[in-house]
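What follows is a set of notes on a single structure, which appears directly below.
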Amino acid sequence: MKSLLSSPQSRYIDLQWVENSLKFGVFLFPFSATIGGVGLTIALFSLWQQRFYQIVSERFTWLLGLFSLWLVITTFFAFQPILAFQGLPNFLPGILLLAAFPIFFANLCRLYQFAWWLVLTSILLTGFGFMQLGWGWESPPIFSSIGIKLLAYGNPDGRMSSFLMYANTLAIYLLISFLLALGLWIDIYRHWQEKHRPEIVGKLIILSLAMVGNSLGLIFTNSRSAWGLALLGVMAFAVYLRRYWVIYLAVIAVGMVVWAAWAPWGQGTMRELVPAYFWTRLTDELYDDRYVTALRTTQWKVATEMILQQPWLGWGLRNFTPVYQTEMNVWMGHPHNLFLMLFAEIGIPGTLLFCAIVGNVIFRAVRNLVQWSNKQEKREEHLLLFTYLISFCSCILFNLFDVTLFDVRVNLLGWFLLSAITGITKVRR
């Protein structure tokens, strides 16, 4: 029995079980964190059970363990320890995931499949979002107990949020799936140029539908950060493919919107050409009733003061909220900047350790891109790694102006992307 369980065939079957559980979890997770979370939990614990010794033997795992220990230590010294303890689940499941899943993603087919799962899920997600805004669809209150919550006309009102917590949360999900769909479309199109097969055309149609749906969804989330990052992502792919005319079009489009928003001359003419939906959002005229305490600059100032007062251990996870409320007499969930929040809440050493772990993964990914750039046999891996890297970097940049940590669905998506990048650097077919 022991030899049977340790055989290559049994190890393959084990990973097939992980793959099936992951597929179930990824597909349902955006709609119900409770139901989808069951599949992801099974996949995570199955992977840890089957590859425990391989996982714990990695130096990368020990670094993650050190970071986890730092989070626990800061909890005991927090301004409000109970809140800090409640903040640990925002990190520890992702850390367990990041330690284990590079093993699973060290396979080109699984990397493609994971991207496809996210893209296909995003089509349904945006479809419900359009029904939410256009026809006021909402889920019955009884479904809230299992994490299914579709609010009529979005959250905030008039902004698409679909089944996710908030419009900005949906925006980062759609941004990631849009960029993954774009990378997959380019790869499939290359195959179509070589072999004109009907099934390839079908895949191109599905991916085109996903990109159009995600683009429209991003527009209706009304997230300025997501708009800008989507354009940057498209421009990055344009540079990758040497299609510089795309960059020129993007610069012209952005220039027109900026002109309509702030230019001192010719503004009236440009505002007739550019839809008010875009330039009024850029100038914040759509939400001109915001108080000083709701501005990001105010939140960043308070976070900076927190860093200066407690630079080593910080104030504890989730403790920005009570400090800000004490200071400004207003409740605020986070300072709309992940790194400022981490510096304030877990201290400078812990944040630098976290940045070093993530930075090391990105560095090795960029190094592989450079090494594979002139290798024809690595063309598929090169594009896939570039796609995942652009998607994850977009997530990082988004967190400079928001914090996606508090919606578990988007939070774990970021950890999955980082795991995929870690795994693709040692990918095999």
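Ordering of the structure tokens sets the chain letters (A, B, ...), residue numbers begin anew at 1 in every chain, and ligands are numbered from 1 in the order given.
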
For this session: Write out as JSON, numbers by chain all residues of range 91-273 of chain A that DSSP puts in alpha helix (DSSP H) for this structure's backbone.
Result: {"A": [92, 93, 94, 95, 96, 97, 98, 99, 100, 101, 102, 103, 104, 108, 109, 110, 111, 112, 113, 114, 115, 116, 117, 118, 119, 120, 121, 122, 123, 124, 125, 126, 127, 128, 129, 130, 131, 132, 133, 134, 135, 167, 168, 169, 170, 171, 172, 173, 174, 175, 176, 177, 178, 179, 180, 181, 182, 183, 184, 185, 186, 187, 188, 189, 190, 191, 192, 193, 194, 198, 199, 200, 201, 202, 203, 204, 205, 206, 207, 208, 209, 210, 211, 212, 213, 214, 215, 216, 217, 218, 219, 220, 221, 224, 225, 226, 227, 228, 229, 230, 231, 232, 233, 234, 235, 236, 237, 238, 239, 240, 241, 244, 245, 246, 247, 248, 249, 250, 251, 252, 253, 254, 255, 256, 257, 258, 259, 260, 261, 262, 267, 268, 269, 270, 271, 272, 273]}

Sorted per-residue table, range 30-148 of chain A near range 164-175 of chain A, closest atoms and distance, 8 Å, only C-alpha atoms, as JSON lines:
```
{"residue": "A:Pro30", "atom": "CA", "partner": "A:Leu164", "partner_atom": "CA", "distance": 6.6}
{"residue": "A:Phe31", "atom": "CA", "partner": "A:Leu164", "partner_atom": "CA", "distance": 7.4}
{"residue": "A:Ser122", "atom": "CA", "partner": "A:Leu174", "partner_atom": "CA", "distance": 6.7}
```

Selection file, C-alpha atoms, as a PDB file, in the first residue's frame:
```pdb
ATOM      1  CA  PRO A  30     -16.797  35.176  -6.842  1.00  0.00           C
ATOM      2  CA  PHE A  31     -20.494  34.311  -6.474  1.00  0.00           C
ATOM      3  CA  SER A 122     -15.749  36.806 -15.362  1.00  0.00           C
TER       4      SER A 122
END
```

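Near range 302-312 of chain A, within a cut-off of 7 Å and counting only C-alpha atoms, sit the residues Thr298, Gln299, Trp300, Gly314, Trp315, Tyr324, Pro335, Leu340, Met341, Phe343, Ala344, Gly347, Ile348 and Pro349 of chain A, with same-chain residues fewer than 2 positions away left out.
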
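Here CA of Asn155 in chain A is placed at a distance of 11.9 Å from CA of Gly136 in chain A.
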
Exercise. What is the CA of Phe128 in chain A to CA of Ser162 in chain A distance in Å?
Worked result: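 Separation between CA of Phe128 in chain A and CA of Ser162 in chain A: 6.0 Å.
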
Exercise. For Arg318 in chain A, which of A:Gly37, A:Pro89, A:Gly350, A:Gly147 is the closest residue, counting only C-alpha atoms?
Worked result: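 The closest residue to Arg318 in chain A is A:Pro89.
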
Problem set entry | Among the residues A:Leu108, A:Leu412, A:Leu229, A:Ile206, the one that comes closest to Arg379 in chain A [using only C-alpha atoms] |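 Closest to Arg379 in chain A of all the choices is A:Leu108.
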
For this session: May I ask which of the residues A:Cys393, A:Leu204, A:Tyr388, A:Gly134 is the closest one to Ala420 in chain A, counting only C-alpha atoms?
Result: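 Smallest separation from Ala420 in chain A among the options: A:Tyr388.
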
Exercise. Hey, what's within 8 Å of Gly87 in chain A if we count only C-alpha atoms and toss same-chain stuff fewer than 3 positions away? As a ChimeraX atom specification, please?
Worked result: /A:83-84,90-91,317-318

Could you write those residues out with N, CA and C atoms, as a short mmCIF file (atom, residue, chain, number, x, y, z; two decimals), in the first residue's frame?
```cif
data_model
loop_
_atom_site.label_atom_id
_atom_site.label_comp_id
_atom_site.auth_asym_id
_atom_site.auth_seq_id
_atom_site.Cartn_x
_atom_site.Cartn_y
_atom_site.Cartn_z
N LEU A 83 -8.74 43.24 17.42
CA LEU A 83 -8.85 43.62 16.01
C LEU A 83 -7.68 43.05 15.21
N ALA A 84 -6.49 43.10 15.78
CA ALA A 84 -5.31 42.58 15.08
C ALA A 84 -5.45 41.07 14.86
N ASN A 90 -6.78 37.61 7.00
CA ASN A 90 -6.56 38.30 5.72
C ASN A 90 -5.21 37.93 5.11
N PHE A 91 -4.32 37.32 5.93
CA PHE A 91 -2.98 36.99 5.45
C PHE A 91 -2.66 35.50 5.51
N LEU A 317 -2.71 44.81 12.96
CA LEU A 317 -3.59 44.67 11.81
C LEU A 317 -4.98 45.20 12.13
N ARG A 318 -5.57 45.88 11.15
CA ARG A 318 -6.94 46.44 11.21
C ARG A 318 -7.06 47.57 12.24
#
```

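Atom to atom, CA of Gln371 in chain A and CA of Lys203 in chain A stand 29.8 Å apart.
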
Exercise. With only C-alpha atoms as the atoms that count, which of A:Trp279, A:Trp116, A:Phe354, A:Tyr291 lies nearest to Gly183 in chain A?
Worked result: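 Smallest separation from Gly183 in chain A among the options: A:Trp116.
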
Phe401 in chain A surroundings by only C-alpha atoms, 12 Å radius, close-in-sequence under 2 positions cut, as an mmCIF file with C-alpha atoms, in the first residue's frame:
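Now in part25.cif:
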```
data_model
loop_
_atom_site.group_PDB
_atom_site.id
_atom_site.type_symbol
_atom_site.label_atom_id
_atom_site.label_comp_id
_atom_site.auth_asym_id
_atom_site.auth_seq_id
_atom_site.Cartn_x
_atom_site.Cartn_y
_atom_site.Cartn_z
ATOM 1 C CA ASN A 168 -13.768 48.851 -6.740
ATOM 2 C CA ILE A 172 -9.767 44.783 -9.807
ATOM 3 C CA SER A 223 -13.110 53.028 -10.973
ATOM 4 C CA ARG A 224 -10.537 55.561 -12.165
ATOM 5 C CA SER A 225 -7.653 53.370 -11.027
ATOM 6 C CA ALA A 226 -8.946 50.379 -12.981
ATOM 7 C CA GLY A 228 -5.922 53.782 -16.012
ATOM 8 C CA LEU A 229 -4.408 50.376 -15.260
ATOM 9 C CA LEU A 295 -10.031 62.133 0.803
ATOM 10 C CA ARG A 296 -7.114 59.768 0.298
ATOM 11 C CA THR A 297 -4.624 62.516 1.118
ATOM 12 C CA GLN A 299 -6.035 59.113 5.151
ATOM 13 C CA TRP A 300 -2.432 58.891 3.962
ATOM 14 C CA HIS A 334 -8.362 51.417 5.474
ATOM 15 C CA PRO A 335 -6.099 54.234 4.206
ATOM 16 C CA HIS A 336 -6.563 53.357 0.494
ATOM 17 C CA ASN A 337 -2.905 52.366 0.150
ATOM 18 C CA LEU A 338 -1.827 48.838 1.021
ATOM 19 C CA PHE A 339 1.808 49.652 1.708
ATOM 20 C CA LEU A 340 1.094 52.653 3.925
ATOM 21 C CA MET A 341 -1.394 50.475 5.785
ATOM 22 C CA SER A 394 -1.659 45.784 -12.061
ATOM 23 C CA CYS A 395 -2.985 44.394 -8.792
ATOM 24 C CA ILE A 396 -0.027 45.932 -6.924
ATOM 25 C CA LEU A 397 -0.533 49.320 -8.569
ATOM 26 C CA PHE A 398 -4.257 49.196 -7.824
ATOM 27 C CA ASN A 399 -3.384 48.745 -4.149
ATOM 28 C CA VAL A 403 -6.854 48.018 -0.505
ATOM 29 C CA THR A 404 -8.296 44.769 -1.869
#
```
